[in-house]
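Trainee: Please find entry28.cif (mmCIF, C-alpha atoms and all ligand atoms) on the next line:
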data_query
#
loop_
_atom_site.label_atom_id
_atom_site.label_comp_id
_atom_site.auth_asym_id
_atom_site.auth_seq_id
_atom_site.Cartn_x
_atom_site.Cartn_y
_atom_site.Cartn_z
CA MET F 1 51.69 28.24 -15.46
CA ASN F 2 49.72 25.26 -14.31
CA ASP F 3 49.29 21.64 -15.21
CA CYS F 4 45.72 20.48 -15.58
CA LEU F 5 45.72 17.10 -13.87
CA PRO F 6 43.33 14.23 -14.60
CA ARG F 7 41.26 14.99 -11.51
CA GLN F 8 40.57 18.49 -12.91
CA SER F 9 40.37 17.82 -16.62
CA SER F 10 36.94 16.22 -16.47
CA LEU F 11 35.51 19.40 -14.95
CA TRP F 12 37.20 21.47 -17.67
CA GLN F 13 35.72 19.21 -20.32
CA LYS F 14 32.24 19.61 -18.87
CA LEU F 15 32.64 23.36 -18.69
CA GLU F 16 33.87 23.55 -22.28
CA HIS F 17 31.02 21.32 -23.39
CA ILE F 18 28.37 23.57 -21.82
CA ILE F 19 29.99 26.68 -23.27
CA ARG F 20 30.05 25.18 -26.78
CA ASN F 21 26.40 24.22 -26.47
CA VAL F 22 25.25 27.65 -25.35
CA ILE F 23 27.24 29.60 -27.96
CA GLY F 24 26.06 27.15 -30.61
CA GLU F 25 22.47 28.03 -29.77
CA TYR F 26 23.18 31.58 -30.94
CA GLY F 27 24.68 30.62 -34.29
CA TYR F 28 28.33 31.39 -33.59
CA SER F 29 31.20 29.59 -35.39
CA GLU F 30 34.53 28.64 -33.92
CA ILE F 31 37.74 30.31 -35.11
CA ARG F 32 41.13 28.85 -34.19
CA ILE F 33 43.96 31.34 -34.30
CA PRO F 34 47.70 31.14 -33.55
CA ILE F 35 49.10 31.50 -30.06
CA VAL F 36 52.01 33.63 -31.34
CA GLU F 37 51.58 36.89 -33.27
CA MET F 38 53.79 39.79 -34.32
CA THR F 39 54.38 41.99 -31.27
CA ASP F 40 53.15 45.17 -32.88
CA LEU F 41 49.68 43.68 -33.43
CA PHE F 42 49.18 43.83 -29.66
CA SER F 43 50.93 47.12 -28.96
CA ARG F 44 48.92 48.81 -31.71
CA SER F 45 45.54 47.45 -30.62
CA ILE F 46 45.69 47.01 -26.85
CA GLY F 47 47.56 50.31 -26.41
CA GLU F 48 51.12 51.23 -25.39
CA VAL F 49 50.21 52.50 -21.91
CA THR F 50 48.21 49.56 -20.66
CA ASP F 51 49.22 47.00 -18.01
CA ILE F 52 49.30 44.32 -20.65
CA VAL F 53 51.64 46.01 -23.12
CA GLU F 54 53.77 47.86 -20.56
CA LYS F 55 54.67 44.89 -18.43
CA GLU F 56 52.77 41.67 -19.03
CA MET F 57 53.65 40.40 -22.50
CA TYR F 58 55.93 37.45 -23.21
CA THR F 59 57.91 38.90 -26.10
CA PHE F 60 60.93 37.39 -27.85
CA LYS F 61 62.90 37.57 -31.07
CA ASP F 62 62.75 34.60 -33.43
CA HIS F 63 65.58 33.37 -35.68
CA ASN F 64 64.89 36.07 -38.24
CA GLY F 65 65.12 38.77 -35.59
CA GLU F 66 61.38 39.43 -35.73
CA SER F 67 59.65 40.40 -32.51
CA LEU F 68 56.92 37.92 -31.60
CA THR F 69 54.58 37.76 -28.60
CA LEU F 70 52.60 34.99 -26.93
CA ARG F 71 49.05 36.24 -27.20
CA PRO F 72 47.83 38.02 -24.04
CA GLU F 73 44.24 38.09 -25.36
CA GLY F 74 42.22 36.91 -28.35
CA THR F 75 40.54 39.93 -29.91
CA ALA F 76 43.56 41.36 -31.76
CA GLY F 77 44.39 38.01 -33.39
CA CYS F 78 40.76 37.46 -34.26
CA VAL F 79 40.56 40.82 -36.03
CA ARG F 80 43.86 40.21 -37.83
CA ALA F 81 42.65 36.78 -39.02
CA GLY F 82 39.31 38.23 -40.07
CA ILE F 83 40.95 40.96 -42.16
CA GLU F 84 43.57 38.66 -43.73
CA ASN F 85 41.00 36.07 -44.71
CA GLY F 86 38.36 38.46 -45.98
CA LEU F 87 35.83 37.51 -43.29
CA LEU F 88 34.95 41.03 -42.28
CA TYR F 89 34.51 42.92 -45.53
CA ASN F 90 30.81 43.90 -45.71
CA GLN F 91 29.86 40.85 -43.71
CA GLU F 92 28.34 39.89 -40.41
CA GLN F 93 30.33 37.42 -38.38
CA ARG F 94 29.66 35.79 -35.05
CA LEU F 95 32.85 34.03 -33.94
CA TRP F 96 34.12 32.31 -30.80
CA TYR F 97 37.45 30.96 -29.64
CA MET F 98 38.80 29.13 -26.62
CA GLY F 99 42.39 28.63 -25.56
CA PRO F 100 45.45 29.69 -23.58
CA MET F 101 46.56 33.31 -23.11
CA PHE F 102 49.84 34.49 -21.57
CA ARG F 103 50.56 37.42 -19.29
CA HIS F 104 53.55 37.93 -17.05
CA GLU F 105 51.70 38.78 -13.84
CA ARG F 106 52.32 37.96 -10.20
CA PRO F 107 50.73 34.52 -9.87
CA GLN F 108 48.04 34.18 -7.21
CA LYS F 109 44.63 32.62 -6.87
CA GLY F 110 42.66 33.49 -10.01
CA ARG F 111 45.68 35.10 -11.69
CA TYR F 112 48.13 33.00 -13.66
CA ARG F 113 50.79 33.44 -16.33
CA GLN F 114 49.12 30.98 -18.65
CA PHE F 115 45.37 31.12 -18.32
CA HIS F 116 42.48 30.24 -20.57
CA GLN F 117 39.82 32.36 -22.13
CA PHE F 118 36.63 31.64 -23.92
CA GLY F 119 35.78 34.64 -26.06
CA ALA F 120 33.30 35.75 -28.69
CA GLU F 121 33.55 38.51 -31.28
CA VAL F 122 30.74 39.86 -33.45
CA PHE F 123 31.48 41.95 -36.53
CA GLY F 124 29.28 44.10 -38.72
CA LEU F 125 26.44 44.98 -36.32
CA GLU F 126 26.23 48.56 -35.19
CA GLY F 127 23.09 48.94 -33.11
CA PRO F 128 22.57 48.05 -29.45
CA ASN F 129 20.59 44.87 -30.17
CA ILE F 130 23.70 42.76 -30.50
CA ASP F 131 24.99 44.18 -27.21
CA VAL F 132 21.73 43.00 -25.66
CA GLU F 133 21.93 39.55 -27.25
CA LEU F 134 25.53 39.07 -26.16
CA ILE F 135 24.70 39.93 -22.56
CA LEU F 136 21.62 37.74 -22.68
CA MET F 137 23.73 34.84 -23.94
CA LEU F 138 26.18 35.29 -21.08
CA SER F 139 23.43 35.36 -18.50
CA ARG F 140 22.10 32.15 -20.02
CA LEU F 141 25.54 30.60 -19.73
CA TRP F 142 25.72 31.50 -16.01
CA TYR F 143 22.31 29.92 -15.57
CA GLU F 144 23.35 26.73 -17.35
CA LEU F 145 26.43 26.51 -15.14
CA GLY F 146 24.38 27.08 -11.98
CA ILE F 147 26.28 30.25 -10.98
CA ASP F 148 23.78 32.93 -12.04
CA LYS F 149 22.96 33.89 -8.45
CA TYR F 150 26.59 34.59 -7.66
CA ILE F 151 27.54 36.88 -10.50
CA HIS F 152 26.39 40.36 -11.49
CA LEU F 153 26.74 42.69 -14.42
CA GLU F 154 28.49 46.08 -14.36
CA LEU F 155 27.89 48.35 -17.29
CA HIS F 156 29.18 51.63 -18.63
CA SER F 157 29.56 53.53 -21.89
CA LEU F 158 32.87 55.06 -22.98
CA GLY F 159 31.20 56.99 -25.79
CA SER F 160 33.00 57.88 -28.98
CA LEU F 161 36.50 59.15 -29.64
CA GLU F 162 35.17 62.73 -29.47
CA THR F 163 33.59 61.98 -26.09
CA ARG F 164 36.90 60.90 -24.75
CA ILE F 165 38.75 63.89 -26.23
CA ARG F 166 36.28 66.26 -24.52
CA TYR F 167 36.45 64.33 -21.25
CA ARG F 168 40.23 64.07 -21.36
CA SER F 169 40.95 67.70 -20.53
CA VAL F 170 38.34 67.76 -17.74
CA LEU F 171 39.82 64.62 -16.21
CA ILE F 172 43.39 65.86 -16.50
CA SER F 173 42.61 69.09 -14.70
CA TYR F 174 40.85 67.14 -11.92
CA LEU F 175 43.84 64.81 -11.58
CA GLU F 176 46.25 67.75 -11.54
CA LYS F 177 44.46 69.07 -8.47
CA HIS F 178 45.24 65.80 -6.68
CA ILE F 179 48.63 65.17 -8.20
CA ASP F 180 50.36 64.94 -4.79
CA LEU F 181 48.28 61.89 -3.94
CA LEU F 182 48.85 60.05 -7.20
CA ASP F 183 51.43 57.29 -7.52
CA GLN F 184 54.24 57.16 -10.05
CA ILE F 185 52.37 55.11 -12.66
CA SER F 186 49.22 57.26 -12.51
CA ARG F 187 51.29 60.41 -12.97
CA GLN F 188 52.95 58.87 -15.99
CA ARG F 189 49.66 57.80 -17.47
CA MET F 190 47.56 60.88 -16.81
CA TYR F 191 48.97 62.86 -19.73
CA VAL F 192 49.48 60.01 -22.18
CA ASN F 193 46.12 58.37 -21.59
CA PRO F 194 44.24 59.70 -18.56
CA LEU F 195 41.45 57.09 -18.72
CA ARG F 196 44.08 54.49 -17.86
CA VAL F 197 44.35 56.02 -14.38
CA PHE F 198 40.98 54.35 -13.68
CA ASP F 199 42.71 50.99 -14.18
CA THR F 200 44.59 51.34 -10.94
CA LYS F 201 44.42 48.63 -8.32
CA ASN F 202 45.70 51.10 -5.69
CA PRO F 203 42.79 51.72 -3.24
CA SER F 204 43.85 55.23 -2.19
CA ILE F 205 43.77 56.35 -5.82
CA GLN F 206 40.43 54.68 -6.29
CA ASN F 207 39.15 56.96 -3.53
CA ILE F 208 40.32 60.02 -5.44
CA LEU F 209 38.65 58.70 -8.56
CA ASP F 210 35.33 58.29 -6.75
CA ASN F 211 34.91 62.06 -6.97
CA ALA F 212 36.30 62.48 -10.46
CA PRO F 213 34.10 64.04 -13.15
CA ASN F 214 31.72 61.49 -14.62
CA LEU F 215 32.41 60.42 -18.20
CA SER F 216 28.69 59.70 -18.75
CA GLU F 217 28.02 63.42 -18.68
CA TYR F 218 30.26 63.94 -21.70
CA LEU F 219 28.72 61.26 -23.93
CA ASP F 220 27.92 62.30 -27.49
CA GLU F 221 24.28 62.03 -28.44
CA ASP F 222 24.48 58.82 -30.49
CA SER F 223 26.43 57.01 -27.80
CA HIS F 224 23.96 58.22 -25.22
CA LYS F 225 21.02 56.87 -27.26
CA HIS F 226 22.83 53.58 -27.79
CA PHE F 227 23.41 53.20 -24.07
CA ILE F 228 19.85 54.13 -23.08
CA SER F 229 18.44 51.66 -25.57
CA LEU F 230 20.71 48.91 -24.23
CA CYS F 231 19.66 49.62 -20.64
CA GLU F 232 15.95 49.64 -21.57
CA SER F 233 16.22 46.33 -23.37
CA LEU F 234 18.05 44.75 -20.44
CA ASP F 235 15.34 46.07 -18.11
CA SER F 236 12.60 44.56 -20.20
CA LEU F 237 14.43 41.23 -20.36
CA GLY F 238 14.79 41.27 -16.59
CA ILE F 239 18.60 41.30 -16.66
CA LYS F 240 19.93 43.17 -13.65
CA TYR F 241 22.96 45.44 -13.90
CA THR F 242 24.63 48.30 -12.14
CA ILE F 243 26.11 51.26 -13.95
CA ASN F 244 29.74 51.62 -12.89
CA THR F 245 31.06 54.98 -14.05
CA ARG F 246 34.62 53.96 -13.21
CA LEU F 247 34.59 50.96 -15.51
CA VAL F 248 37.02 51.61 -18.38
CA ARG F 249 38.50 48.13 -19.14
CA GLY F 250 42.21 47.48 -19.32
CA LEU F 251 42.57 47.71 -23.10
CA ASP F 252 42.47 50.81 -25.28
CA TYR F 253 40.36 49.64 -28.19
CA TYR F 254 36.98 49.87 -26.46
CA ASN F 255 34.30 52.48 -27.13
CA ARG F 256 30.62 52.83 -26.23
CA THR F 257 29.33 49.80 -24.32
CA VAL F 258 31.74 48.19 -21.87
CA PHE F 259 30.81 45.59 -19.28
CA GLU F 260 32.17 43.20 -16.70
CA TRP F 261 30.59 40.27 -14.89
CA VAL F 262 31.82 40.19 -11.33
CA THR F 263 31.47 37.75 -8.47
CA GLU F 264 31.91 38.35 -4.75
CA ILE F 265 32.87 34.77 -3.97
CA LEU F 266 36.42 34.86 -5.37
CA GLY F 267 37.80 37.82 -3.40
CA THR F 268 39.93 40.33 -5.32
CA GLN F 269 40.10 38.32 -8.54
CA GLY F 270 36.35 38.69 -8.96
CA THR F 271 36.04 39.70 -12.61
CA VAL F 272 35.04 36.60 -14.52
CA CYS F 273 34.19 38.16 -17.86
CA GLY F 274 34.96 41.46 -19.57
CA GLY F 275 33.86 42.89 -22.86
CA GLY F 276 32.53 45.72 -24.91
CA ARG F 277 32.36 47.41 -28.30
CA TYR F 278 35.47 48.20 -30.33
CA ASP F 279 34.09 49.89 -33.42
CA SER F 280 37.41 51.38 -34.64
CA LEU F 281 39.73 48.42 -34.24
CA VAL F 282 39.14 46.74 -37.59
CA GLU F 283 39.92 49.94 -39.47
CA GLN F 284 42.84 50.70 -37.19
CA LEU F 285 44.38 47.32 -38.04
CA GLY F 286 44.00 47.87 -41.76
CA GLY F 287 40.50 46.65 -42.61
CA LYS F 288 37.42 48.50 -43.76
CA ALA F 289 35.63 50.29 -40.90
CA THR F 290 33.48 47.60 -39.24
CA PRO F 291 31.52 47.88 -36.00
CA ALA F 292 32.34 45.13 -33.50
CA ILE F 293 31.67 43.86 -30.00
CA GLY F 294 33.07 40.99 -27.96
CA PHE F 295 33.87 39.56 -24.57
CA ALA F 296 36.31 37.18 -22.92
CA ILE F 297 35.72 34.90 -19.95
CA GLY F 298 38.56 33.81 -17.68
CA LEU F 299 37.95 30.07 -17.47
CA GLU F 300 40.14 29.46 -14.40
CA ARG F 301 37.95 31.88 -12.48
CA LEU F 302 34.84 30.00 -13.62
CA VAL F 303 36.39 26.74 -12.47
CA LEU F 304 37.21 28.32 -9.10
CA MET F 305 33.57 29.40 -8.80
CA LEU F 306 32.27 25.94 -9.62
CA GLU F 307 34.61 24.45 -7.04
CA LYS F 308 33.71 27.00 -4.40
CA LEU F 309 30.00 26.38 -4.97
CA LYS F 310 30.61 22.63 -4.90
CA LEU F 311 29.12 22.16 -8.33
CA THR F 312 31.88 19.71 -9.15
CA LYS F 313 31.63 17.08 -6.51
CA VAL F 314 31.50 14.03 -8.65
CA HIS F 315 34.64 13.20 -10.47
CA ARG F 316 33.49 10.54 -12.87
CA THR F 317 35.79 8.91 -15.35
CA VAL F 318 33.75 5.75 -15.86
CA ASP F 319 30.08 4.82 -15.76
CA VAL F 320 30.48 1.08 -15.23
CA TYR F 321 33.21 -0.74 -13.36
CA ILE F 322 33.60 -4.48 -13.78
CA VAL F 323 34.71 -6.38 -10.72
CA ALA F 324 36.01 -9.86 -11.53
CA SER F 325 37.50 -12.83 -9.71
CA SER F 326 40.67 -13.25 -11.68
CA LYS F 327 40.97 -16.95 -12.20
CA TYR F 328 37.66 -17.59 -13.86
CA ALA F 329 36.29 -14.32 -14.92
CA THR F 330 38.92 -12.02 -16.40
CA LEU F 331 38.55 -12.95 -20.04
CA PRO F 332 34.72 -13.15 -19.87
CA SER F 333 34.69 -9.72 -18.18
CA ILE F 334 36.68 -8.22 -21.07
CA LYS F 335 34.18 -9.74 -23.50
CA LEU F 336 31.25 -8.45 -21.47
CA ALA F 337 32.71 -4.94 -21.43
CA ASN F 338 33.06 -4.95 -25.18
CA GLN F 339 29.52 -6.27 -25.65
CA LEU F 340 28.26 -3.31 -23.59
CA ARG F 341 30.37 -0.79 -25.52
CA GLU F 342 28.77 -2.04 -28.71
CA GLU F 343 25.25 -2.00 -27.27
CA ILE F 344 25.51 1.43 -25.60
CA PRO F 345 27.77 3.75 -27.63
CA GLY F 346 29.56 6.29 -25.45
CA LEU F 347 29.27 4.25 -22.25
CA ARG F 348 32.52 4.39 -20.29
CA ILE F 349 33.57 1.06 -18.84
CA MET F 350 36.64 -0.04 -16.97
CA ASN F 351 37.74 -3.58 -16.19
CA ASP F 352 39.59 -4.40 -12.99
CA PHE F 353 42.58 -6.64 -13.64
CA SER F 354 44.08 -6.42 -10.16
CA GLY F 355 42.92 -9.86 -9.00
CA THR F 356 42.54 -8.44 -5.48
CA SER F 357 39.61 -8.91 -3.11
CA PHE F 358 36.13 -7.77 -4.20
CA LYS F 359 36.21 -5.24 -1.39
CA LYS F 360 39.30 -3.57 -2.80
CA GLN F 361 37.89 -3.67 -6.30
CA PHE F 362 34.69 -1.95 -5.12
CA LYS F 363 36.77 0.81 -3.54
CA ARG F 364 38.42 1.39 -6.88
CA ALA F 365 34.99 1.56 -8.54
CA ASP F 366 34.12 4.40 -6.16
CA ARG F 367 37.37 6.17 -6.82
CA PHE F 368 36.64 6.25 -10.54
CA GLY F 369 33.18 7.60 -9.82
CA ALA F 370 31.35 4.64 -11.37
CA ALA F 371 27.57 4.61 -11.23
CA VAL F 372 27.30 0.84 -11.54
CA ALA F 373 29.52 -2.09 -10.61
CA LEU F 374 29.17 -5.44 -12.35
CA VAL F 375 30.44 -8.52 -10.55
CA LEU F 376 31.59 -11.62 -12.37
CA GLY F 377 32.64 -14.75 -10.50
CA ALA F 378 32.84 -18.39 -11.45
CA ARG F 379 29.10 -18.98 -10.97
CA GLU F 380 28.01 -16.00 -13.05
CA VAL F 381 30.37 -17.00 -15.84
CA SER F 382 28.93 -20.49 -16.05
CA ASP F 383 25.29 -19.22 -15.76
CA MET F 384 25.82 -16.39 -18.29
CA THR F 385 24.60 -13.96 -15.62
CA VAL F 386 26.12 -10.98 -13.82
CA VAL F 387 25.54 -9.26 -10.49
CA VAL F 388 24.50 -5.63 -11.06
CA LYS F 389 25.13 -3.25 -8.18
CA ASP F 390 23.75 0.29 -8.19
CA LEU F 391 26.52 2.16 -6.37
CA LEU F 392 24.26 5.04 -5.41
CA SER F 393 21.54 3.09 -3.59
CA GLY F 394 23.57 -0.03 -2.84
CA ASN F 395 20.81 -2.23 -4.34
CA GLN F 396 21.89 -5.24 -6.29
CA ASN F 397 20.36 -8.01 -8.37
CA ILE F 398 21.33 -10.79 -10.74
CA CYS F 399 20.68 -10.34 -14.40
CA PHE F 400 21.24 -12.36 -17.58
CA GLN F 401 24.11 -10.93 -19.57
CA ARG F 402 21.94 -10.73 -22.68
CA ASP F 403 19.48 -8.39 -20.84
CA LEU F 404 22.13 -6.25 -19.23
CA SER F 405 22.14 -3.19 -21.47
CA VAL F 406 18.55 -2.17 -20.64
CA GLN F 407 19.29 -2.11 -16.92
CA ILE F 408 22.58 -0.31 -17.35
CA LYS F 409 21.00 2.46 -19.40
CA LYS F 410 18.45 3.10 -16.67
CA LEU F 411 20.94 3.05 -13.83
CA VAL F 412 23.56 5.23 -15.46
CA ASN F 413 20.99 7.86 -16.38
CA LYS F 414 19.57 7.88 -12.91
CA LYS F 415 22.98 8.38 -11.36
CA ILE F 416 23.78 11.20 -13.74
CA ASN F 417 20.55 13.01 -12.85
CA VAL F 418 21.16 12.68 -9.17
CA ASP F 419 24.80 13.61 -8.98
CA ILE F 420 25.93 15.73 -11.83
CA ASN F 421 24.80 19.28 -12.02
CA TYR F 422 25.41 19.49 -15.72
P1 LIG F 501 42.18 42.03 -14.23
O1 LIG F 501 41.65 43.38 -13.91
O2 LIG F 501 41.70 40.95 -13.28
O3 LIG F 501 43.68 42.01 -14.42
P2 LIG F 501 41.88 42.28 -17.05
O4 LIG F 501 41.12 43.54 -17.22
O5 LIG F 501 43.35 42.30 -17.22
O6 LIG F 501 41.53 41.61 -15.63
P3 LIG F 501 40.81 41.16 -19.46
O7 LIG F 501 41.98 41.50 -20.28
O8 LIG F 501 39.56 41.92 -19.60
O9 LIG F 501 41.25 41.13 -17.92
O10 LIG F 501 40.51 39.59 -19.63
C1 LIG F 501 39.20 39.03 -19.50
C2 LIG F 501 39.14 38.03 -18.37
O11 LIG F 501 40.23 37.12 -18.42
C3 LIG F 501 39.28 38.64 -17.00
O12 LIG F 501 38.05 39.15 -16.58
C4 LIG F 501 39.69 37.46 -16.17
O13 LIG F 501 38.57 36.64 -15.85
C5 LIG F 501 40.57 36.71 -17.12
N1 LIG F 501 41.98 36.99 -16.84
C6 LIG F 501 42.71 38.07 -17.21
N2 LIG F 501 43.98 37.96 -16.80
C7 LIG F 501 44.07 36.76 -16.15
C8 LIG F 501 45.14 36.05 -15.50
N3 LIG F 501 46.38 36.53 -15.45
N4 LIG F 501 44.85 34.83 -14.96
C9 LIG F 501 43.60 34.33 -15.01
N5 LIG F 501 42.57 34.95 -15.61
C10 LIG F 501 42.79 36.14 -16.17
MG MG F 502 44.98 42.45 -15.93
#
Hey, can you dump this file as structure tokens for me?

Mentor:
Amino acid sequence: MNDCLPRQSSLWQKLEHIIRNVIGEYGYSEIRIPIVEMTDLFSRSIGEVTDIVEKEMYTFKDHNGESLTLRPEGTAGCVRAGIENGLLYNQEQRLWYMGPMFRHERPQKGRYRQFHQFGAEVFGLEGPNIDVELILMLSRLWYELGIDKYIHLELHSLGSLETRIRYRSVLISYLEKHIDLLDQISRQRMYVNPLRVFDTKNPSIQNILDNAPNLSEYLDEDSHKHFISLCESLDSLGIKYTINTRLVRGLDYYNRTVFEWVTEILGTQGTVCGGGRYDSLVEQLGGKATPAIGFAIGLERLVLMLEKLKLTKVHRTVDVYIVASSKYATLPSIKLANQLREEIPGLRIMNDFSGTSFKKQFKRADRFGAAVALVLGAREVSDMTVVVKDLLSGNQNICFQRDLSVQIKKLVNKKINVDINY
């Protein structure tokens, strides 16, 4: 579990800001749900023989002896909250959430025990159009973040329950032929839930699965139509994808459309976003049957991408830094800062109280990522002026304090356009 230090938190804030803007453009509302739920909510929905439930959950007993679990994902809690609060009954809902998730995994780059997801869940829409819109929204998000060229979409359909029952026996007999080559966990899973064998991260088993019967050939007619329509719409919108017949997702509740967005630039932890339809889950958890689709993005992996692509270079905590010669100018510089805060709401200003040399104070201005430095010495204080230095170009001029805000607005904007990618 990681600390998010001040040098990283500004990037997280920017990322969260962009995400909120994009999802807002599609009419979604935020839902905030607890971090702890009853354990059986997750075992019932995610599935007993999945990585998450078998070995990754943080589960404990509380003082009443009830078994609770730190949420490993957001969909189950979202569905529970929707049912309990009557949000899903004969209604359409477009919801999003953002926050920490917990899985006991081996920590490595892109894989942590506390990580953060941004997710969306849509309830009450059955046809493929919402699948299309969701994918379109995600591709817009990648574009807004500047990473669209480094991420691609993998798509598959798991069909209906009947599809999977028909496919099950075919897959089991294929796996039985190769049983000598399967590892312990795959052998355990193949009879309980054979699709889970596809989840393996063991490369030699992946090779065996390359030649396994293809689930797409067992799709029921409605699922097939749904998938074809989705693919055609994506084609006409110019959204590229590859069909990955081995894509099953690591959770049991999915059916029909499943997808992942994958990047090559992060090595093995390349899946940035996963999602799909889960049309039976609401009913399974006690609600009225309600079609649903959602996705979750791993935010740490997005941050790693932004860092790798150097889309984060500027770490800016202030816009304007006020350099002052202590003896004469400290109090006037505090007043000047406040005047600017009133004139330009939202402007971030920091005063230097160190009393050290101007050179040292300028270095600090750079460290805080300031766009503009203002210099106040004895002369400026008595003339009611200030030296304005554009820290990008190095140009400077003297300006009356009463005219300062116009100049600052221009300079700060310019610096933002030049340096910040979002
Ligand atoms: P993986 O195959 O990498 O274990 P998953 O199938 O377990 O992923 P999901 O449950 O689909 O992942 O979660 C959605 C996204 O959340 C993943 O695509 C990934 O970006 C992110 N994620 C999942 N587990 C972790 C983790 N332990 N640390 C960081 N991010 C994670
Ligand atoms: Mg996992």

Trainee: Taking all atoms listed in the file into account, which residues have an atom no farther than 8 Å from ligand LIG 501 (chain F)? I'd like them as a ChimeraX atom specification.

Mentor: /F:51-52,72-73,102-105,107,110-117,199,249-251,260-261,269-275,295-302

Trainee: Please identify all polymer residues within 12 Å of Thr242 of chain F, counting all atoms listed in the file, omitting same-chain residues fewer than 2 positions from it, and present them as a ChimeraX atom specification.

Mentor: /F:151-156,231,234-235,239-240,244-247,259-262

Trainee: Rounded to one decimal, what separation in Å do you get between atom CA of Glu342 of chain F and atom CA of Val375 of chain F?

Mentor: 19.4 Å

Trainee: Provide the atom CA of Ser229 of chain F to atom CA of Asn129 of chain F distance in Å, to one decimal place.

Mentor: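 Atom CA of Ser229 of chain F sits 8.5 Å away from atom CA of Asn129 of chain F.
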
Trainee: Enter the distance from atom CA of Ile334 of chain F to atom CA of Ile322 of chain F, in Å, rounded to one decimal.

Mentor: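 Those two atoms sit 8.8 Å apart.
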
Trainee: List as an MDAnalysis selection string the protein and nucleic acid residues near segment 166-174 of chain F, meaning an atom at most 9 Å away when only C-alpha atoms are counted, but skip any in the same chain fewer than 5 places from it.

Mentor: chainID F and resid 161 179 190:191 193:195 212:215 217:219

Trainee: Looking at F:Leu392, F:Leu175, F:Met57, F:Leu376, which one is nearest to ligand MG 502 (chain F), with distances taken over all atoms listed in the file?

Mentor: F:Met57

Trainee: Using all atoms listed in the file, which of F:Tyr253, F:Trp12, F:Phe358, F:Phe227 sits nearest Asp131 of chain F?

Mentor: F:Phe227

Trainee: Nearest residue to Asp352 of chain F out of F:Ala373, F:Leu340, F:Val197, F:Met1, using all atoms listed in the file?

Mentor: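 Checking each of F:Ala373, F:Leu340, F:Val197, F:Met1 against Asp352 of chain F, counting all atoms listed in the file, the winner is F:Ala373.
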
Trainee: Which polymer residues have any atom within 10 Å of an atom of Ile208 of chain F, counting all atoms listed in the file, with same-chain residues fewer than 3 positions away left out, as a list in words?

Mentor: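 After dropping sequence-adjacent residues, the list is Tyr174, Leu175, His178, Leu181, Leu182, Pro203, Ser204, Ile205, Asn211 and Ala212 of chain F.
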
Trainee: Select all residues near (38.2, 32.2, -40.8) (cut-off 7 Å, inclusive, file coordinates), counting all atoms listed in the file, and output them as a list of chain:residue names.

Mentor: F:Ile31, F:Ala81, F:Gly82, F:Asn85, F:Leu87

Trainee: With all atoms listed in the file as the counted atoms, please give the residues lying no more than 12 Å from Glu121 of chain F, apart from itself and same-chain residues fewer than 3 positions off, as a PyMOL selection string.

Mentor: chain F and resi 23+28-31+74-79+82+88+92-98+118+124-125+130-131+134+275-279+282+291-296

Trainee: Around the point (30.9, 1.2, -12.7) in the file's coordinates, collect all residues with an atom within 9 Å, using all atoms listed in the file, and return them as a PyMOL selection string.

Mentor: chain F and resi 318-323+348-350+365-366+368-374+389-391+412

Trainee: Do a neighbour search on Ala329 of chain F at 9 Å with all atoms listed in the file, toss out local chain neighbours closer than 3 positions, and write the hits as a VMD selection string.

Mentor: chain F and resid 324 to 326 332 to 334 376 to 378 380 to 381

Trainee: Okay, now the selection with C-alpha atoms, as a PDB file, in the coordinates of the input?

Mentor:
ATOM      1  CA  ALA F 324      36.010  -9.860 -11.530  1.00  0.00           C
ATOM      2  CA  SER F 325      37.500 -12.830  -9.710  1.00  0.00           C
ATOM      3  CA  SER F 326      40.670 -13.250 -11.680  1.00  0.00           C
ATOM      4  CA  PRO F 332      34.720 -13.150 -19.870  1.00  0.00           C
ATOM      5  CA  SER F 333      34.690  -9.720 -18.180  1.00  0.00           C
ATOM      6  CA  ILE F 334      36.680  -8.220 -21.070  1.00  0.00           C
ATOM      7  CA  LEU F 376      31.590 -11.620 -12.370  1.00  0.00           C
ATOM      8  CA  GLY F 377      32.640 -14.750 -10.500  1.00  0.00           C
ATOM      9  CA  ALA F 378      32.840 -18.390 -11.450  1.00  0.00           C
ATOM     10  CA  GLU F 380      28.010 -16.000 -13.050  1.00  0.00           C
ATOM     11  CA  VAL F 381      30.370 -17.000 -15.840  1.00  0.00           C
TER      12      VAL F 381
END

Trainee: Restricting the calculation to all atoms listed in the file, which member of F:Lys225, F:Ser357, F:Arg32, F:Gln8 is positioned closest to Glu307 of chain F?

Mentor: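 Smallest separation from Glu307 of chain F among the options: F:Gln8.
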
Trainee: Given all atoms listed in the file as the basis, pick out the residue of F:Ser160, F:Ser280, F:Ser67, F:Thr268 nearest to ligand MG 502 (chain F).

Mentor: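 Nearest to ligand MG 502 (chain F): F:Thr268.
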
Trainee: Using all atoms listed in the file, which of the listed residues (F:Ile185, F:Tyr89, F:Gln407, F:Thr200) sits closest to ligand MG 502 (chain F)?

Mentor: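 Smallest separation from ligand MG 502 (chain F) among the options: F:Thr200.
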
Trainee: Hey, can I get the axis-aligned box for segment 68-85 of chain F? All listed atoms, 5 Å padding on each side, centre and edge lengths in Å to one decimal, as AutoDock Vina command-line options.

Mentor:
--center_x 48.1 --center_y 38.2 --center_z -34.4 --size_x 27.6 --size_y 16.4 --size_z 30.7
